[in-house]
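Data file: upload.txt. Format and content: compact mmCIF, C-alpha atoms.
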# COMPACT_ATOMS: atom_id res chain seq x y z
CA MET A 1 98.62 133.64 -88.12
CA ILE A 2 95.64 131.67 -86.86
CA PHE A 3 92.13 132.73 -87.87
CA LYS A 4 89.00 131.61 -86.10
CA PHE A 5 86.25 130.23 -88.29
CA ALA A 6 82.85 131.94 -88.13
CA PRO A 7 80.25 129.76 -89.94
CA LYS A 8 77.72 131.52 -92.17
CA ASP A 9 75.09 128.96 -91.19
CA ASN A 10 75.06 127.90 -87.56
CA TYR A 11 71.92 126.11 -86.36
CA LEU A 12 72.18 124.46 -82.93
CA ILE A 13 68.96 123.00 -81.47
CA ASP A 14 68.41 121.44 -78.05
CA CYS A 15 65.27 119.40 -78.69
CA ARG A 16 62.47 119.84 -76.12
CA SER A 17 64.58 122.19 -73.97
CA LEU A 18 62.61 125.18 -72.65
CA THR A 19 65.69 127.39 -72.45
CA HIS A 20 68.91 127.93 -74.36
CA THR A 21 71.69 125.48 -73.50
CA THR A 22 75.35 126.48 -73.54
CA VAL A 23 77.82 123.68 -74.25
CA ASP A 24 81.54 124.36 -74.61
CA GLY A 25 80.89 128.01 -75.38
CA ARG A 26 78.24 127.29 -78.05
CA VAL A 27 74.57 128.14 -77.52
CA PHE A 28 71.92 125.57 -78.51
CA MET A 29 68.57 127.28 -79.02
CA ALA A 30 65.48 126.32 -77.04
CA ASP A 31 63.18 123.90 -78.85
CA LYS A 32 60.32 126.40 -79.12
CA LEU A 33 62.43 128.79 -81.19
CA ALA A 34 63.20 125.95 -83.61
CA SER A 35 59.55 124.92 -84.02
CA LYS A 36 59.19 127.05 -87.16
CA LEU A 37 61.85 124.86 -88.79
CA LEU A 38 59.95 121.63 -88.11
CA SER A 39 57.10 119.94 -89.96
CA SER A 40 55.78 116.92 -88.04
CA PRO A 41 52.41 115.14 -87.74
CA GLN A 42 52.58 115.28 -83.93
CA ASP A 43 54.23 117.52 -81.34
CA ILE A 44 55.79 115.05 -78.91
CA THR A 45 58.68 115.94 -76.60
CA ILE A 46 59.97 114.03 -73.59
CA ASN A 47 62.59 114.40 -70.90
CA THR A 48 64.30 112.37 -68.21
CA SER A 49 65.13 113.33 -64.65
CA LYS A 50 67.89 110.74 -64.41
CA PRO A 51 71.52 111.89 -64.73
CA VAL A 52 72.79 111.02 -68.20
CA THR A 53 76.53 111.66 -68.23
CA SER A 54 79.11 113.78 -66.47
CA SER A 55 80.41 115.25 -69.73
CA ASN A 56 80.13 118.88 -70.82
CA ASP A 57 77.29 118.08 -73.21
CA SER A 58 75.22 116.06 -70.71
CA SER A 59 72.39 118.61 -70.66
CA LEU A 60 71.69 117.96 -74.35
CA TYR A 61 70.79 114.35 -73.57
CA GLN A 62 68.16 115.07 -70.91
CA THR A 63 65.45 115.91 -73.44
CA ALA A 64 64.31 114.59 -76.83
CA ARG A 65 61.81 115.07 -79.62
CA ILE A 66 59.78 112.07 -80.82
CA PHE A 67 58.63 111.58 -84.44
CA THR A 68 55.77 109.10 -84.97
CA GLY A 69 55.58 109.84 -88.70
CA SER A 70 57.76 111.30 -91.42
CA SER A 71 59.01 114.66 -90.11
CA LYS A 72 61.21 117.36 -91.63
CA TYR A 73 63.49 120.11 -90.42
CA THR A 74 64.02 122.78 -93.10
CA PHE A 75 67.05 125.03 -92.66
CA SER A 76 67.51 128.18 -94.73
CA ILE A 77 71.05 128.20 -96.15
CA SER A 78 72.79 131.55 -96.55
CA GLN A 79 75.93 130.14 -98.20
CA THR A 80 75.91 127.00 -100.34
CA GLY A 81 78.69 124.47 -99.95
CA ARG A 82 79.57 121.72 -97.53
CA HIS A 83 77.77 121.65 -94.18
CA TRP A 84 78.06 119.48 -91.09
CA ILE A 85 75.00 117.66 -89.83
CA ARG A 86 75.40 116.44 -86.25
CA LEU A 87 72.64 114.34 -84.70
CA TYR A 88 72.64 113.57 -80.97
CA PHE A 89 70.99 110.41 -79.64
CA ASN A 90 70.46 109.16 -76.09
CA PRO A 91 67.88 106.35 -75.82
CA PHE A 92 66.28 106.88 -72.43
CA ASP A 93 62.80 105.47 -71.76
CA SER A 94 59.78 107.67 -71.13
CA GLY A 95 56.23 106.38 -70.83
CA ASN A 96 55.26 104.44 -73.95
CA PHE A 97 58.47 105.35 -75.76
CA ILE A 98 61.30 102.82 -75.33
CA MET A 99 63.88 104.71 -77.32
CA SER A 100 66.44 101.90 -77.38
CA LYS A 101 63.98 99.97 -79.57
CA ALA A 102 63.25 102.82 -81.98
CA THR A 103 64.16 102.07 -85.61
CA PHE A 104 64.26 104.81 -88.21
CA SER A 105 66.08 106.38 -91.13
CA VAL A 106 67.40 109.89 -91.66
CA SER A 107 67.95 111.57 -95.02
CA SER A 108 69.15 114.94 -96.19
CA GLN A 109 68.31 116.10 -99.69
CA LYS A 110 69.37 113.19 -101.94
CA TYR A 111 71.54 111.54 -99.27
CA GLY A 112 70.41 108.77 -96.96
CA VAL A 113 72.66 109.27 -93.93
CA LEU A 114 71.10 106.68 -91.57
CA SER A 115 69.15 103.57 -92.59
CA ASN A 116 67.13 101.45 -90.15
CA PHE A 117 69.13 103.07 -87.38
CA THR A 118 68.81 101.99 -83.76
CA THR A 119 70.99 102.61 -80.72
CA ASN A 120 71.06 101.47 -77.11
CA SER A 121 73.74 103.93 -76.00
CA LYS A 122 74.52 107.64 -76.21
CA VAL A 123 76.04 108.58 -79.57
CA VAL A 124 76.63 111.52 -81.90
CA LYS A 125 76.43 110.91 -85.64
CA GLU A 126 78.27 113.46 -87.77
CA PHE A 127 78.00 113.86 -91.53
CA SER A 128 79.10 116.47 -94.04
CA VAL A 129 77.05 117.07 -97.16
CA ASN A 130 77.39 119.49 -100.07
CA VAL A 131 74.38 121.83 -100.09
CA THR A 132 73.68 123.38 -103.50
CA THR A 133 70.22 124.85 -102.79
CA ASP A 134 68.80 127.58 -100.56
CA ASN A 135 67.42 125.03 -98.10
CA LEU A 136 68.74 121.95 -96.32
CA VAL A 137 66.01 119.47 -95.40
CA ILE A 138 66.60 116.74 -92.82
CA THR A 139 63.90 114.06 -92.80
CA PHE A 140 63.27 111.55 -89.98
CA SER A 141 61.37 108.48 -91.21
CA PRO A 142 60.25 105.88 -88.65
CA SER A 143 60.30 102.24 -89.70
CA ASN A 144 57.02 100.29 -89.62
CA ASN A 145 55.38 100.30 -86.18
CA SER A 146 58.25 102.31 -84.71
CA PHE A 147 59.20 105.93 -84.17
CA ALA A 148 62.20 108.24 -84.57
CA PHE A 149 63.85 110.56 -82.09
CA THR A 150 66.73 112.97 -81.59
CA ASN A 151 68.05 114.90 -78.61
CA ALA A 152 69.84 117.71 -80.43
CA ILE A 153 70.71 118.80 -83.96
CA GLU A 154 73.46 120.87 -85.54
CA VAL A 155 73.66 122.24 -89.08
CA VAL A 156 76.89 124.19 -89.49
CA SER A 157 78.87 125.51 -92.45
CA VAL A 158 82.18 123.80 -93.22
CA PRO A 159 85.22 125.80 -94.47
CA ASP A 160 85.66 125.34 -98.23
CA GLN A 161 89.30 124.34 -97.89
CA LEU A 162 88.66 121.60 -95.30
CA ILE A 163 87.67 118.89 -97.79
CA THR A 164 89.25 118.80 -101.23
CA ASP A 165 87.68 117.28 -104.33
CA ASP A 166 90.32 114.58 -104.79
CA ALA A 167 92.08 111.88 -102.79
CA ILE A 168 94.69 109.17 -103.31
CA LEU A 169 93.40 105.64 -102.89
CA ILE A 170 95.86 103.29 -101.15
CA SER A 171 94.86 100.01 -102.75
CA PRO A 172 94.82 100.05 -105.67
CA GLN A 173 96.84 103.26 -105.67
CA GLU A 174 95.05 105.73 -107.87
CA LYS A 175 93.63 109.24 -107.75
CA PHE A 176 89.95 109.67 -107.01
CA GLN A 177 88.02 112.81 -107.89
CA GLY A 178 84.48 113.80 -106.97
CA LEU A 179 84.63 113.97 -103.16
CA ILE A 180 82.85 117.30 -103.23
CA TRP A 181 79.63 115.55 -104.30
CA GLN A 182 79.84 112.78 -101.71
CA ALA A 183 78.12 112.68 -98.33
CA LEU A 184 80.79 111.82 -95.76
CA GLU A 185 80.46 110.38 -92.25
CA THR A 186 82.94 111.05 -89.45
CA VAL A 187 83.82 107.74 -87.81
CA TYR A 188 86.68 108.69 -85.49
CA ARG A 189 88.48 111.95 -84.78
CA VAL A 190 91.67 111.18 -82.83
CA ASN A 191 94.24 113.54 -81.29
CA MET A 192 97.51 111.66 -81.51
CA THR A 193 99.29 111.59 -78.10
CA GLY A 194 97.31 114.64 -76.95
CA PRO A 195 94.37 115.18 -74.58
CA ILE A 196 90.71 115.40 -75.47
CA VAL A 197 89.91 118.51 -77.52
CA THR A 198 86.40 119.98 -77.27
CA PRO A 199 84.70 122.81 -79.19
CA LEU A 200 86.11 125.15 -76.53
CA ASN A 201 89.46 124.74 -78.28
CA ASP A 202 88.25 123.95 -81.80
CA THR A 203 86.36 126.71 -83.56
CA LEU A 204 84.90 124.20 -86.02
CA GLY A 205 82.91 122.65 -83.18
CA ARG A 206 84.74 119.34 -83.32
CA THR A 207 85.65 116.90 -80.54
CA TRP A 208 88.92 114.96 -80.71
CA VAL A 209 89.55 112.00 -78.41
CA PRO A 210 92.95 110.81 -77.10
CA ASP A 211 94.58 107.93 -78.96
CA HIS A 212 95.60 105.73 -76.02
CA SER A 213 92.46 103.57 -76.10
CA PHE A 214 93.19 102.68 -79.74
CA LEU A 215 96.81 101.56 -79.19
CA LEU A 216 97.22 97.79 -79.21
CA GLN A 217 100.92 97.93 -78.21
CA ALA A 218 101.54 101.21 -76.42
CA ASN A 219 105.08 100.15 -75.49
CA VAL A 220 106.24 100.31 -79.11
CA ALA A 221 104.80 103.80 -79.72
CA LYS A 222 106.97 106.91 -79.33
CA VAL A 223 105.69 110.41 -78.63
CA VAL A 224 107.28 113.22 -80.66
CA SER A 225 106.26 116.84 -81.17
CA LYS A 226 107.43 119.97 -82.97
CA ILE A 227 104.96 122.74 -82.26
CA SER A 228 107.05 125.35 -84.06
CA ALA A 229 106.58 123.51 -87.37
CA VAL A 230 102.79 123.86 -87.31
CA LYS A 231 101.29 126.57 -89.50
CA SER A 232 97.53 126.79 -89.58
CA ILE A 233 94.81 129.17 -90.74
CA LEU A 234 92.08 127.46 -88.73
CA THR A 235 91.99 126.36 -85.10

Turn this file's structure into structure tokens for me.
Amino acid sequence: MIFKFAPKDNYLIDCRSLTHTTVDGRVFMADKLASKLLSSPQDITINTSKPVTSSNDSSLYQTARIFTGSSKYTFSISQTGRHWIRLYFNPFDSGNFIMSKATFSVSSQKYGVLSNFTTNSKVVKEFSVNVTTDNLVITFSPSNNSFAFTNAIEVVSVPDQLITDDAILISPQEKFQGLIWQALETVYRVNMTGPIVTPLNDTLGRTWVPDHSFLLQANVAKVVSKISAVKSILT
């Protein structure tokens, strides 16, 4: 039997947006409703009228919040444990803010998740951290003479059984324990031989991309499947 995951903590924020934004069945709250979560020296939001992408989440990249000084989002946590932090970035230019030249760092509690970060293309950065307190604080810290920005933010509970405390290292082959205390970054999430999977079909809010662009020699790869052998408690 398959059970759908309902996160205890589920913060989705569309920065600067005046209305709620629905993406793949999930509702990102309007920026004004999230203002009570933010502590920032200035209230600066910008938007672009130019089309950003044709993807389902394109509306999230039309607006952004700018941080000219150290700024913090504080999220009340109802259930301690591992949480996803997803940060959306699209560096469009608006007035004096050339976002592709912005350089900044992002930290959460004791973890530094981005250091001297800059991007000239649309990207989502996803991390999972173990939250042991009643609050999760995400801090944006601009580098000298620069600023920070983000287009959208997610803070979502992760199922306890998704990440175990131990792993087997390949080289040298040995058992590692202590993963539960590590901050982890998602680099790639690939659906082998299958199509793209969006949060519409993944109740953990994940996006899986097809594997064909990663294959160096597609002619030597063989597609096999056995759907009946799959037993899952989470979609």

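With CA of Ser59 (chain A) on one side and CA of Lys72 (chain A) on the other, the separation reads 23.8 Å.
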
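Residues surrounding Ser58 (chain A) within 12 Å are Asp14, Thr21, Thr22, Val23, Asp24, Thr48, Lys50, Pro51, Val52, Thr53, Thr63, Tyr88, Phe89, Asn90, Lys122, Val123, Asn151 and Ala152 of chain A [all atoms listed in the file; sequence separation below 5 positions excluded].
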
Could you write out that same residue set with C-alpha atoms as a short mmCIF file (atom, residue, chain, number, x, y, z; two decimals), in the frame of the given file?
data_model
loop_
_atom_site.label_atom_id
_atom_site.label_comp_id
_atom_site.auth_asym_id
_atom_site.auth_seq_id
_atom_site.Cartn_x
_atom_site.Cartn_y
_atom_site.Cartn_z
CA ASP A 14 68.41 121.44 -78.05
CA THR A 21 71.69 125.48 -73.50
CA THR A 22 75.35 126.48 -73.54
CA VAL A 23 77.82 123.68 -74.25
CA ASP A 24 81.54 124.36 -74.61
CA THR A 48 64.30 112.37 -68.21
CA LYS A 50 67.89 110.74 -64.41
CA PRO A 51 71.52 111.89 -64.73
CA VAL A 52 72.79 111.02 -68.20
CA THR A 53 76.53 111.66 -68.23
CA THR A 63 65.45 115.91 -73.44
CA TYR A 88 72.64 113.57 -80.97
CA PHE A 89 70.99 110.41 -79.64
CA ASN A 90 70.46 109.16 -76.09
CA LYS A 122 74.52 107.64 -76.21
CA VAL A 123 76.04 108.58 -79.57
CA ASN A 151 68.05 114.90 -78.61
CA ALA A 152 69.84 117.71 -80.43
#

- Query: Quick one, how far is CA of Thr132 (chain A) from CA of Asp9 (chain A)?
  - Reply: 13.6 Å

Hey, can I get the axis-aligned box for region 105-109 of chain A? All listed atoms, 4 Å padding on each side, centre and edge lengths in Å to one decimal, as AutoDock Vina command-line options.
--center_x 67.6 --center_y 111.2 --center_z -95.4 --size_x 11.1 --size_y 17.7 --size_z 16.6

- Which is closest to Phe28 (chain A) among A:Ser70, A:Ser146, A:Ser40, A:Asn10, if we use all atoms listed in the file? A:Asn10

- Query: When you draw a straight line from CA of Ile66 (chain A) to CA of Asn47 (chain A), how long is it in Å?
  - Reply: 10.6 Å

- Item | Spatial neighbours of Met192 (chain A), 9 Å, only C-alpha atoms, chain gap at least 3 places, as an NGL selection string | :A and (195 or 209-212 or 223)

- Note on the structure: Residue with the minimum atom-to-atom distance to Leu18 (chain A), picked from A:Ala30, A:Ile46, A:Ile77, A:Val187 with all atoms listed in the file counted, is A:Ala30

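Compared by their closest atoms to Ile44 (chain A), and using all atoms listed in the file, the residues A:Ile163, A:Val158, A:Ala148, A:Leu216 rank with A:Ala148 nearest.
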
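Of the listed residues (A:Thr186, A:Thr68, A:Ser115, A:Thr74), A:Thr68 comes nearest to Phe97 (chain A); the distances count all atoms listed in the file.
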